[in-house]
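K.L.:
My structure file data-v6.cif, mmCIF, C-alpha atoms and all ligand atoms, is below:
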data_upload
#
loop_
_atom_site.label_atom_id
_atom_site.label_comp_id
_atom_site.auth_asym_id
_atom_site.auth_seq_id
_atom_site.Cartn_x
_atom_site.Cartn_y
_atom_site.Cartn_z
CA MET A 1 5.30 -18.05 -3.99
CA LEU A 2 3.72 -15.18 -5.80
CA GLY A 3 2.41 -15.61 -9.30
CA SER A 4 1.22 -13.09 -11.80
CA LEU A 5 -1.62 -12.95 -14.29
CA ASP A 6 -1.05 -11.93 -17.89
CA SER A 7 -4.36 -10.28 -18.60
CA LYS A 8 -4.78 -6.52 -18.67
CA PRO A 9 -5.97 -5.57 -15.17
CA LYS A 10 -9.46 -4.17 -15.25
CA ASP A 11 -9.56 -1.27 -12.87
CA LEU A 12 -12.71 0.70 -12.44
CA GLU A 13 -11.63 3.59 -14.53
CA THR A 14 -14.78 3.94 -16.59
CA ILE A 15 -16.71 4.44 -13.42
CA ALA A 16 -14.02 6.56 -11.86
CA ARG A 17 -13.91 8.87 -14.85
CA SER A 18 -17.52 9.78 -14.37
CA GLY A 19 -16.22 12.52 -12.12
CA GLY A 20 -16.10 13.25 -8.46
CA ALA A 21 -12.34 13.85 -8.36
CA LEU A 22 -12.76 17.41 -7.17
CA ARG A 23 -15.32 16.36 -4.59
CA ARG A 24 -12.93 13.73 -3.29
CA MET A 25 -10.10 16.25 -3.09
CA ALA A 26 -12.32 18.74 -1.28
CA ALA A 27 -13.22 16.08 1.29
CA ARG A 28 -9.51 15.68 1.99
CA VAL A 29 -8.86 19.33 2.76
CA PRO A 30 -9.28 18.92 6.56
CA THR A 31 -6.83 16.03 6.42
CA TYR A 32 -4.30 18.09 4.47
CA LEU A 33 -4.64 20.95 6.97
CA THR A 34 -4.04 18.55 9.85
CA ASP A 35 -0.96 17.14 8.13
CA LEU A 36 0.31 20.66 7.60
CA ARG A 37 -0.19 21.64 11.25
CA GLU A 38 1.52 18.47 12.46
CA ASN A 39 4.45 18.88 10.09
CA PRO A 40 4.91 22.08 8.03
CA ALA A 41 7.52 20.29 5.90
CA TRP A 42 4.61 18.26 4.52
CA LEU A 43 3.55 21.06 2.15
CA PRO A 44 6.68 21.28 -0.02
CA MET A 45 6.73 17.49 -0.13
CA PHE A 46 3.07 17.34 -1.16
CA LEU A 47 3.55 19.90 -3.93
CA LEU A 48 6.98 18.95 -5.26
CA ALA A 49 7.55 15.24 -4.60
CA ARG A 50 5.29 14.38 -7.53
CA THR A 51 7.78 15.88 -9.99
CA ILE A 52 10.77 13.87 -11.18
CA PRO A 53 13.40 16.69 -11.05
CA PHE A 54 12.60 17.57 -7.41
CA ARG A 55 12.50 13.88 -6.46
CA LYS A 56 15.89 13.32 -8.07
CA VAL A 57 17.38 16.17 -6.06
CA HIS A 58 15.89 14.67 -2.88
CA TRP A 59 17.31 11.24 -3.70
CA LEU A 60 20.75 12.89 -3.90
CA THR A 61 20.45 13.74 -0.20
CA ALA A 62 20.08 10.04 0.78
CA LYS A 63 22.66 8.98 3.37
CA ARG A 64 24.82 6.24 1.91
CA VAL A 65 24.64 2.84 3.58
CA ARG A 66 27.64 0.61 3.10
CA SER A 67 26.81 -2.56 4.94
CA SER A 68 24.05 -4.29 6.84
CA VAL A 69 23.93 -3.24 10.47
CA SER A 70 21.90 -5.80 12.40
CA ALA A 71 23.32 -9.02 13.73
CA ALA A 72 19.80 -10.22 14.64
CA ARG A 73 18.45 -13.18 12.66
CA SER A 74 15.75 -12.52 10.10
CA MET A 75 12.63 -14.66 9.62
CA PHE A 76 13.34 -14.36 5.88
CA ASP A 77 16.50 -16.50 6.15
CA ASP A 78 19.11 -15.74 3.54
CA LEU A 79 17.60 -12.82 1.67
CA LYS A 80 19.99 -9.89 1.37
CA GLY A 81 18.78 -6.31 1.75
CA GLU A 82 21.37 -4.97 -0.65
CA ALA A 83 20.39 -7.35 -3.48
CA ILE A 84 16.69 -6.58 -2.99
CA ALA A 85 17.46 -2.87 -3.16
CA VAL A 86 19.24 -3.40 -6.50
CA GLU A 87 16.10 -5.03 -7.93
CA LEU A 88 13.94 -2.27 -6.46
CA ARG A 89 16.02 0.37 -8.16
CA ARG A 90 15.69 -1.49 -11.47
CA THR A 91 11.96 -2.28 -11.54
CA GLY A 92 10.38 -0.70 -8.44
CA ILE A 93 9.32 -4.09 -7.02
CA PHE A 94 10.79 -7.29 -5.53
CA THR A 95 8.44 -10.27 -5.24
CA GLY A 96 10.34 -13.02 -3.46
CA LEU A 97 9.26 -12.67 0.19
CA THR A 98 7.61 -15.51 2.17
CA LEU A 99 6.50 -15.37 5.79
CA PRO A 100 7.18 -18.41 7.98
CA GLN A 101 3.93 -20.43 8.16
CA ALA A 102 3.54 -20.01 11.94
CA ILE A 103 3.83 -16.22 11.61
CA GLN A 104 1.34 -16.07 8.72
CA GLU A 105 -1.13 -18.28 10.63
CA GLU A 106 -0.87 -16.24 13.82
CA ILE A 107 -1.51 -12.93 12.03
CA ALA A 108 -4.36 -14.47 10.02
CA ARG A 109 -5.94 -15.81 13.25
CA PHE A 110 -5.63 -12.35 14.76
CA GLY A 111 -7.25 -10.87 11.64
CA HIS A 112 -10.22 -13.21 11.97
CA GLU A 113 -10.66 -12.90 15.74
CA THR A 114 -10.15 -9.14 16.15
CA PRO A 115 -12.96 -6.75 15.21
CA CYS A 116 -12.06 -4.45 12.34
CA PHE A 117 -13.37 -1.01 11.31
CA GLY A 118 -15.28 -0.80 8.03
CA ASN A 119 -14.33 1.76 5.34
CA PHE A 120 -11.83 3.42 7.76
CA ASP A 121 -14.80 4.44 9.96
CA ARG A 122 -14.38 3.68 13.66
CA LYS A 123 -18.16 3.58 14.09
CA LEU A 124 -18.43 0.51 11.82
CA GLU A 125 -16.88 -2.19 14.03
CA PHE A 126 -17.38 -5.88 13.21
CA LEU A 127 -15.67 -9.27 12.83
CA ALA A 128 -14.56 -10.20 9.31
CA GLY A 129 -16.68 -13.38 9.39
CA GLU A 130 -19.77 -11.23 9.98
CA HIS A 131 -19.20 -8.91 7.04
CA GLU A 132 -22.54 -9.49 5.30
CA GLU A 133 -24.44 -9.14 8.52
CA ALA A 134 -22.49 -5.93 9.31
CA GLU A 135 -23.47 -4.43 5.93
CA ARG A 136 -27.12 -5.10 6.82
CA ARG A 137 -26.73 -3.81 10.38
CA PHE A 138 -25.03 -0.57 9.35
CA GLY A 139 -27.01 -0.19 6.12
CA ARG A 140 -23.75 0.44 4.26
CA THR A 141 -21.57 -1.16 1.64
CA ILE A 142 -18.35 -2.14 3.39
CA LEU A 143 -15.35 -2.67 1.13
CA SER A 144 -12.55 -2.73 3.69
CA GLY A 145 -11.96 -3.50 7.37
CA HIS A 146 -8.89 -2.09 9.13
CA HIS A 147 -7.54 -3.20 12.51
CA PHE A 148 -5.70 0.10 13.04
CA GLU A 149 -3.59 0.16 16.24
CA ARG A 150 -5.01 -3.20 17.38
CA ILE A 151 -2.50 -4.95 15.15
CA LEU A 152 0.26 -4.05 17.60
CA GLN A 153 -1.31 -6.53 20.06
CA CYS A 154 -0.35 -9.32 17.66
CA GLU A 155 3.18 -10.50 18.47
CA ALA A 156 3.68 -12.09 15.07
CA ALA A 157 2.79 -8.85 13.29
CA VAL A 158 5.20 -6.91 15.49
CA ALA A 159 7.88 -9.50 14.71
CA VAL A 160 7.39 -8.85 10.98
CA GLN A 161 7.45 -5.09 11.51
CA GLU A 162 10.71 -5.39 13.48
CA ASP A 163 12.41 -7.97 11.30
CA PRO A 164 15.95 -6.76 10.51
CA LEU A 165 15.62 -7.57 6.79
CA LEU A 166 12.87 -4.98 6.33
CA LEU A 167 14.93 -2.15 7.77
CA ASP A 168 18.01 -3.37 5.91
CA VAL A 169 16.18 -3.27 2.56
CA ALA A 170 14.74 0.14 3.45
CA ARG A 171 18.15 1.56 4.39
CA HIS A 172 19.80 0.22 1.24
CA TYR A 173 17.03 1.57 -0.95
CA LEU A 174 15.97 4.80 0.77
CA GLY A 175 19.24 5.68 2.49
CA GLY A 176 20.43 5.71 6.09
CA GLU A 177 17.51 7.95 7.17
CA ALA A 178 14.96 5.16 6.52
CA LYS A 179 12.42 4.74 9.30
CA LEU A 180 9.20 2.87 9.94
CA ILE A 181 6.11 4.90 9.04
CA THR A 182 3.16 2.48 8.78
CA THR A 183 2.04 -0.90 10.00
CA ARG A 184 -1.46 -1.93 9.09
CA THR A 185 -3.59 -4.98 8.42
CA TRP A 186 -6.88 -4.89 6.62
CA TRP A 187 -9.54 -6.95 4.93
CA SER A 188 -10.82 -6.25 1.42
CA PHE A 189 -14.32 -7.65 1.09
CA PRO A 190 -16.36 -8.76 -1.91
CA THR A 191 -19.68 -6.98 -1.81
CA LYS A 192 -22.80 -7.05 -3.91
CA THR A 193 -23.82 -3.52 -3.16
CA ALA A 194 -20.86 -1.30 -4.11
CA SER A 195 -21.90 1.99 -5.70
CA GLU A 196 -19.97 3.85 -8.37
CA ALA A 197 -18.73 6.31 -5.76
CA ASP A 198 -17.43 3.43 -3.59
CA LEU A 199 -15.57 1.97 -6.52
CA SER A 200 -14.10 5.22 -7.82
CA ARG A 201 -11.78 5.64 -4.83
CA ALA A 202 -8.16 6.18 -5.75
CA SER A 203 -7.02 2.88 -4.23
CA PHE A 204 -8.97 0.99 -6.94
CA LYS A 205 -7.30 3.03 -9.69
CA PHE A 206 -3.69 3.17 -10.66
CA HIS A 207 -2.20 5.70 -8.27
CA PHE A 208 1.06 6.60 -6.62
CA ASP A 209 1.56 7.35 -2.93
CA LEU A 210 2.64 10.77 -1.86
CA ASP A 211 3.13 10.60 1.89
CA ASP A 212 6.86 11.19 1.81
CA TRP A 213 9.70 12.05 -0.58
CA ARG A 214 11.05 8.51 -0.58
CA MET A 215 8.99 5.53 0.49
CA LEU A 216 8.99 1.76 0.47
CA LYS A 217 6.11 -0.59 1.27
CA PHE A 218 6.23 -4.27 2.19
CA PHE A 219 2.99 -6.15 1.55
CA PHE A 220 2.17 -9.65 2.79
CA TYR A 221 -0.89 -11.68 1.85
CA LEU A 222 -2.36 -13.39 4.90
CA SER A 223 -5.02 -15.21 2.89
CA ASP A 224 -4.69 -16.94 -0.49
CA VAL A 225 -5.06 -14.35 -3.23
CA ASP A 226 -6.20 -15.40 -6.71
CA ALA A 227 -7.71 -13.28 -9.48
CA ASP A 228 -11.03 -13.12 -7.57
CA ALA A 229 -9.57 -12.05 -4.25
CA GLY A 230 -8.49 -8.53 -5.18
CA PRO A 231 -4.84 -9.00 -6.20
CA HIS A 232 -2.50 -6.05 -5.99
CA VAL A 233 -1.19 -4.70 -9.31
CA TYR A 234 2.12 -2.88 -9.78
CA VAL A 235 3.47 -1.24 -12.93
CA ARG A 236 7.15 -2.11 -13.22
CA GLY A 237 9.43 0.79 -14.11
CA SER A 238 6.92 3.45 -13.13
CA HIS A 239 8.84 4.35 -9.94
CA ASN A 240 11.34 6.62 -11.68
CA ARG A 241 9.73 7.72 -14.93
CA ARG A 242 6.59 9.87 -15.16
CA ARG A 243 4.63 11.54 -17.94
CA MET A 244 4.71 15.31 -17.57
CA LYS A 245 0.92 15.37 -17.33
CA HIS A 246 1.07 13.02 -14.32
CA GLN A 247 3.69 15.19 -12.62
CA LEU A 248 1.78 18.42 -12.99
CA THR A 249 -1.53 17.39 -11.46
CA LEU A 250 -2.65 17.32 -7.86
CA LEU A 251 -4.40 13.98 -8.47
CA VAL A 252 -2.53 10.78 -7.69
CA GLY A 253 -5.00 8.39 -9.37
CA HIS A 254 -5.02 8.05 -13.17
CA PRO A 255 -6.95 6.02 -15.75
CA ALA A 256 -5.49 2.61 -16.57
CA ASP A 257 -5.28 3.23 -20.33
CA GLU A 258 -3.12 6.35 -19.81
CA VAL A 259 -0.84 4.52 -17.42
CA LEU A 260 -0.53 1.30 -19.43
CA GLU A 261 -0.05 3.08 -22.73
CA TYR A 262 2.98 4.88 -21.31
CA TYR A 263 4.65 2.02 -19.39
CA GLY A 264 3.42 -0.90 -21.53
CA GLU A 265 0.76 -3.44 -20.57
CA GLU A 266 3.44 -6.10 -20.23
CA ASN A 267 4.82 -4.18 -17.23
CA ALA A 268 1.60 -4.40 -15.22
CA LEU A 269 2.24 -7.17 -12.73
CA THR A 270 -0.90 -8.65 -11.15
CA LEU A 271 0.26 -10.31 -7.95
CA THR A 272 -1.56 -13.47 -7.01
CA GLY A 273 -0.15 -15.72 -4.29
CA LYS A 274 -0.66 -18.07 -1.38
CA ALA A 275 -1.14 -16.83 2.14
CA GLY A 276 2.30 -15.84 3.43
CA SER A 277 3.66 -14.56 0.13
CA GLY A 278 4.90 -11.00 0.04
CA PHE A 279 6.56 -8.31 -2.03
CA VAL A 280 8.15 -4.94 -1.51
CA GLU A 281 7.62 -1.96 -3.78
CA ASP A 282 8.42 1.69 -4.23
CA PRO A 283 4.90 3.12 -3.98
CA PHE A 284 5.77 6.13 -6.12
CA GLY A 285 5.37 3.56 -8.90
CA PHE A 286 1.79 3.18 -10.14
CA HIS A 287 -0.10 0.48 -8.24
CA MET A 288 -3.59 -0.40 -7.11
CA GLY A 289 -5.66 -2.87 -5.17
CA THR A 290 -8.33 -4.50 -7.32
CA LEU A 291 -11.82 -5.27 -6.11
CA ALA A 292 -12.18 -8.59 -4.26
CA LYS A 293 -14.83 -10.22 -6.46
CA GLN A 294 -15.43 -13.52 -4.63
CA THR A 295 -13.04 -14.03 -1.74
CA PRO A 296 -12.02 -11.66 1.06
CA ARG A 297 -8.35 -10.72 1.18
CA LEU A 298 -6.37 -10.12 4.38
CA MET A 299 -3.25 -8.01 3.82
CA MET A 300 -0.45 -6.60 5.98
CA GLU A 301 1.60 -3.55 5.04
CA VAL A 302 4.79 -2.28 6.65
CA GLY A 303 5.89 1.05 5.25
CA PHE A 304 9.16 2.96 5.50
CA GLY A 305 9.95 6.58 4.69
CA VAL A 306 12.57 9.23 5.42
CA SER A 307 10.56 12.01 7.10
CA LYS A 308 8.80 12.34 10.42
CA PRO A 309 5.92 9.82 10.29
CA SER A 310 2.39 11.15 10.42
CA LYS A 311 0.47 9.97 13.51
CA ARG A 312 -2.72 9.70 11.52
CA ARG A 313 -1.31 7.50 8.80
CA TYR A 314 0.55 5.13 11.05
CA HIS A 315 -2.21 2.54 10.84
CA GLY A 316 -3.64 3.68 7.54
CA GLU A 317 -6.33 6.20 8.47
CA PRO A 318 -6.45 8.26 5.29
CA VAL A 319 -8.94 11.02 6.02
CA ILE A 320 -9.93 12.95 9.10
CA ARG A 321 -13.68 12.59 9.60
O1 LIG A 401 -4.90 -2.91 -1.46
C1 LIG A 401 -3.94 -2.89 -2.23
O2 LIG A 401 -3.50 -3.91 -2.81
C2 LIG A 401 -3.28 -1.57 -2.54
C3 LIG A 401 -2.97 -0.75 -1.35
C4 LIG A 401 -2.52 0.60 -1.79
O3 LIG A 401 -2.86 1.06 -2.85
C5 LIG A 401 -1.64 1.41 -0.96
O4 LIG A 401 -1.25 0.99 0.14
O5 LIG A 401 -1.27 2.51 -1.41
#
As structure tokens, how would this structure be written, given the file I've shared?
Ligand SMILES: O=C(O)CCC(=O)C(=O)O

P.N.:
Amino acid sequence: MLGSLDSKPKDLETIARSGGALRRMAARVPTYLTDLRENPAWLPMFLLARTIPFRKVHWLTAKRVRSSVSAARSMFDDLKGEAIAVELRRTGIFTGLTLPQAIQEEIARFGHETPCFGNFDRKLEFLAGEHEEAERRFGRTILSGHHFERILQCEAAVAVQEDPLLLDVARHYLGGEAKLITTRTWWSFPTKTASEADLSRASFKFHFDLDDWRMLKFFFYLSDVDADAGPHVYVRGSHNRRRMKHQLTLLVGHPADEVLEYYGEENALTLTGKAGSGFVEDPFGFHMGTLAKQTPRLMMEVGFGVSKPSKRRYHGEPVIR
């Protein structure tokens, strides 16, 4: 089961504020151009989906779903997509998912035995157990290790991705157009050598995702996650309410004090949990991964959206290099 910590989550805002936002945006320009070439409908989404009025209009276009469609059995037993969607609409997050132990163990074994790519860079390939040695070998701080498309060789991971409950929740929440857009597994590593620039990335700050008009992400911990293993933090209620200032900026990451002051510190849910525990959230709500301080974290994400999925993002590659 997932737990939560009461304390105010410490993101790395002080460091992040020291600047670099424009530099980071400039580095993303080639990625944005690629997205635009692949799908011209990306541009209006990118510009307008951050504003509440345009989002509301888009939500009105959602195809209504009356009942669950699949007769196939779910690994999540009796959970009901419709009830989960009700909770998602209310708070933006539902925390009661648990993977069967055999599934969790098989994906975790895969995560240990399959080389991952450090910092989203395909040139930095190593096994999770050799993380420290890899940092020395590559002369780089390595904060994350993604398996990219390799995860599709893991039958248990594919079974999670294809589980009927996930699509059922997505259809009830996003509408009948809901489709799979991402499946990724990755390690978050504790590291002694992180620089300010490493730590100021948007994923370590409260941010919202803007890859589609309407999105939903399922996350599953594949290792035990306590306060020192980089727990995920989600701000309840931030999925459908937004300060004007946060609607009218191109940036998706914002300082914790601005976010918490608006939504209330009591709504920041820090998600700790045993390996196998999971949750589903509307990633337009503010969320972040925190730095793994002591223990590596292995995570799986299955994402749904309503538009044509981007090839690049399918396994989480954020930036064209
Ligand atoms: O690593 C995490 O817990 C957060 C991941 C995240 O921010 C995202 O998928 O948008």

K.L.:
Collect all residues with atoms no farther than 7 Å from ligand LIG 401 (chain A), counting all atoms listed in the file, and output them as a list in words.

P.N.:
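Using all atoms listed in the file, I find these residues within 7 Å of ligand LIG 401 (chain A): Ser203, Asp209, Pro231, His232, Val233, Pro283, His287, Met288, Gly289 and Thr290 of chain A.
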
K.L.:
Near Pro40 of chain A, within 12 Å and counting only C-alpha atoms, which residues show up once chain neighbours fewer than 5 positions away are dropped, as a PyMOL selection string?

P.N.:
chain A and resi 32-35+45-46+307-308+310

K.L.:
Could you name the residues that touch Met299 of chain A at 7 Å or less, counting all atoms listed in the file, but leaving out those on the same chain fewer than 2 positions away, as a list in words?

P.N.:
Thr185, Trp186, Trp187, Phe219, Phe220, Tyr221, Leu222, Arg297 and Glu301 of chain A

K.L.:
Excluding Phe189 of chain A and its own-chain neighbours fewer than 3 positions away, which residues fall within 6 Å of it when counting all atoms listed in the file? Please give them as a ChimeraX atom specification.

P.N.:
/A:143-144,292,296

K.L.:
Go through A:His172, A:Lys205, A:Lys245, A:His112 one by one, measure the shortest atom-to-atom distance of each to Ser67 of chain A using only C-alpha atoms, and give the residue with the smallest value.

P.N.:
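When distances to Ser67 of chain A are compared using only C-alpha atoms, the smallest one comes from A:His172.
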
K.L.:
Rounded to one decimal place, report the atom CA of Gln153 of chain A-atom CA of Met300 of chain A distance in Å.

P.N.:
14.1 Å

K.L.:
Got a sec to check which residues sit within 12 Å of (2.1, -16.7, -7.3), counting all atoms listed in the file, and write them as a ChimeraX atom specification?

P.N.:
/A:1-5,95-98,221,224-227,231-232,269-279

K.L.:
Using the partial input, fill out segment 136-155 of chain A with N, CA and C atoms; write the result as a PDB file, in the frame of the given file.

P.N.:
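Resulting contents of out.pdb:
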ATOM      1  N   ARG A 136     -25.667  -5.275   6.558  1.00  0.00           N
ATOM      2  CA  ARG A 136     -27.120  -5.100   6.820  1.00  0.00           C
ATOM      3  C   ARG A 136     -27.317  -4.225   8.043  1.00  0.00           C
ATOM      4  N   ARG A 137     -26.548  -4.529   9.107  1.00  0.00           N
ATOM      5  CA  ARG A 137     -26.730  -3.810  10.380  1.00  0.00           C
ATOM      6  C   ARG A 137     -26.448  -2.316  10.208  1.00  0.00           C
ATOM      7  N   PHE A 138     -25.391  -1.979   9.492  1.00  0.00           N
ATOM      8  CA  PHE A 138     -25.030  -0.570   9.350  1.00  0.00           C
ATOM      9  C   PHE A 138     -25.697   0.088   8.134  1.00  0.00           C
ATOM     10  N   GLY A 139     -26.350  -0.729   7.316  1.00  0.00           N
ATOM     11  CA  GLY A 139     -27.010  -0.190   6.120  1.00  0.00           C
ATOM     12  C   GLY A 139     -26.013   0.425   5.157  1.00  0.00           C
ATOM     13  N   ARG A 140     -24.830  -0.158   5.076  1.00  0.00           N
ATOM     14  CA  ARG A 140     -23.750   0.440   4.260  1.00  0.00           C
ATOM     15  C   ARG A 140     -23.004  -0.645   3.506  1.00  0.00           C
ATOM     16  N   THR A 141     -22.516  -0.295   2.329  1.00  0.00           N
ATOM     17  CA  THR A 141     -21.570  -1.160   1.640  1.00  0.00           C
ATOM     18  C   THR A 141     -20.240  -1.049   2.367  1.00  0.00           C
ATOM     19  N   ILE A 142     -19.642  -2.194   2.688  1.00  0.00           N
ATOM     20  CA  ILE A 142     -18.350  -2.140   3.390  1.00  0.00           C
ATOM     21  C   ILE A 142     -17.308  -2.863   2.544  1.00  0.00           C
ATOM     22  N   LEU A 143     -16.358  -2.103   2.035  1.00  0.00           N
ATOM     23  CA  LEU A 143     -15.350  -2.670   1.130  1.00  0.00           C
ATOM     24  C   LEU A 143     -14.071  -3.078   1.860  1.00  0.00           C
ATOM     25  N   SER A 144     -13.798  -2.414   2.985  1.00  0.00           N
ATOM     26  CA  SER A 144     -12.550  -2.730   3.690  1.00  0.00           C
ATOM     27  C   SER A 144     -12.791  -2.771   5.191  1.00  0.00           C
ATOM     28  N   GLY A 145     -11.906  -3.464   5.899  1.00  0.00           N
ATOM     29  CA  GLY A 145     -11.960  -3.500   7.370  1.00  0.00           C
ATOM     30  C   GLY A 145     -10.562  -3.418   7.921  1.00  0.00           C
ATOM     31  N   HIS A 146     -10.240  -2.309   8.580  1.00  0.00           N
ATOM     32  CA  HIS A 146      -8.890  -2.090   9.130  1.00  0.00           C
ATOM     33  C   HIS A 146      -8.831  -2.412  10.621  1.00  0.00           C
ATOM     34  N   HIS A 147      -7.690  -2.934  11.065  1.00  0.00           N
ATOM     35  CA  HIS A 147      -7.540  -3.200  12.510  1.00  0.00           C
ATOM     36  C   HIS A 147      -6.854  -2.033  13.222  1.00  0.00           C
ATOM     37  N   PHE A 148      -6.397  -1.066  12.482  1.00  0.00           N
ATOM     38  CA  PHE A 148      -5.700   0.100  13.040  1.00  0.00           C
ATOM     39  C   PHE A 148      -4.677  -0.322  14.106  1.00  0.00           C
ATOM     40  N   GLU A 149      -4.659   0.417  15.243  1.00  0.00           N
ATOM     41  CA  GLU A 149      -3.590   0.160  16.240  1.00  0.00           C
ATOM     42  C   GLU A 149      -3.704  -1.219  16.895  1.00  0.00           C
ATOM     43  N   ARG A 150      -4.840  -1.886  16.749  1.00  0.00           N
ATOM     44  CA  ARG A 150      -5.010  -3.200  17.380  1.00  0.00           C
ATOM     45  C   ARG A 150      -3.964  -4.198  16.904  1.00  0.00           C
ATOM     46  N   ILE A 151      -3.458  -3.980  15.712  1.00  0.00           N
ATOM     47  CA  ILE A 151      -2.500  -4.950  15.150  1.00  0.00           C
ATOM     48  C   ILE A 151      -1.245  -5.045  16.013  1.00  0.00           C
ATOM     49  N   LEU A 152      -0.952  -3.996  16.782  1.00  0.00           N
ATOM     50  CA  LEU A 152       0.260  -4.050  17.600  1.00  0.00           C
ATOM     51  C   LEU A 152       0.101  -4.998  18.791  1.00  0.00           C
ATOM     52  N   GLN A 153      -1.131  -5.509  19.015  1.00  0.00           N
ATOM     53  CA  GLN A 153      -1.310  -6.530  20.060  1.00  0.00           C
ATOM     54  C   GLN A 153      -0.944  -7.917  19.539  1.00  0.00           C
ATOM     55  N   CYS A 154      -0.671  -8.021  18.266  1.00  0.00           N
ATOM     56  CA  CYS A 154      -0.350  -9.320  17.660  1.00  0.00           C
ATOM     57  C   CYS A 154       1.174  -9.461  17.576  1.00  0.00           C
ATOM     58  N   GLU A 155       1.701 -10.387  18.390  1.00  0.00           N
ATOM     59  CA  GLU A 155       3.180 -10.500  18.470  1.00  0.00           C
ATOM     60  C   GLU A 155       3.799 -10.841  17.123  1.00  0.00           C
TER      61      GLU A 155
END
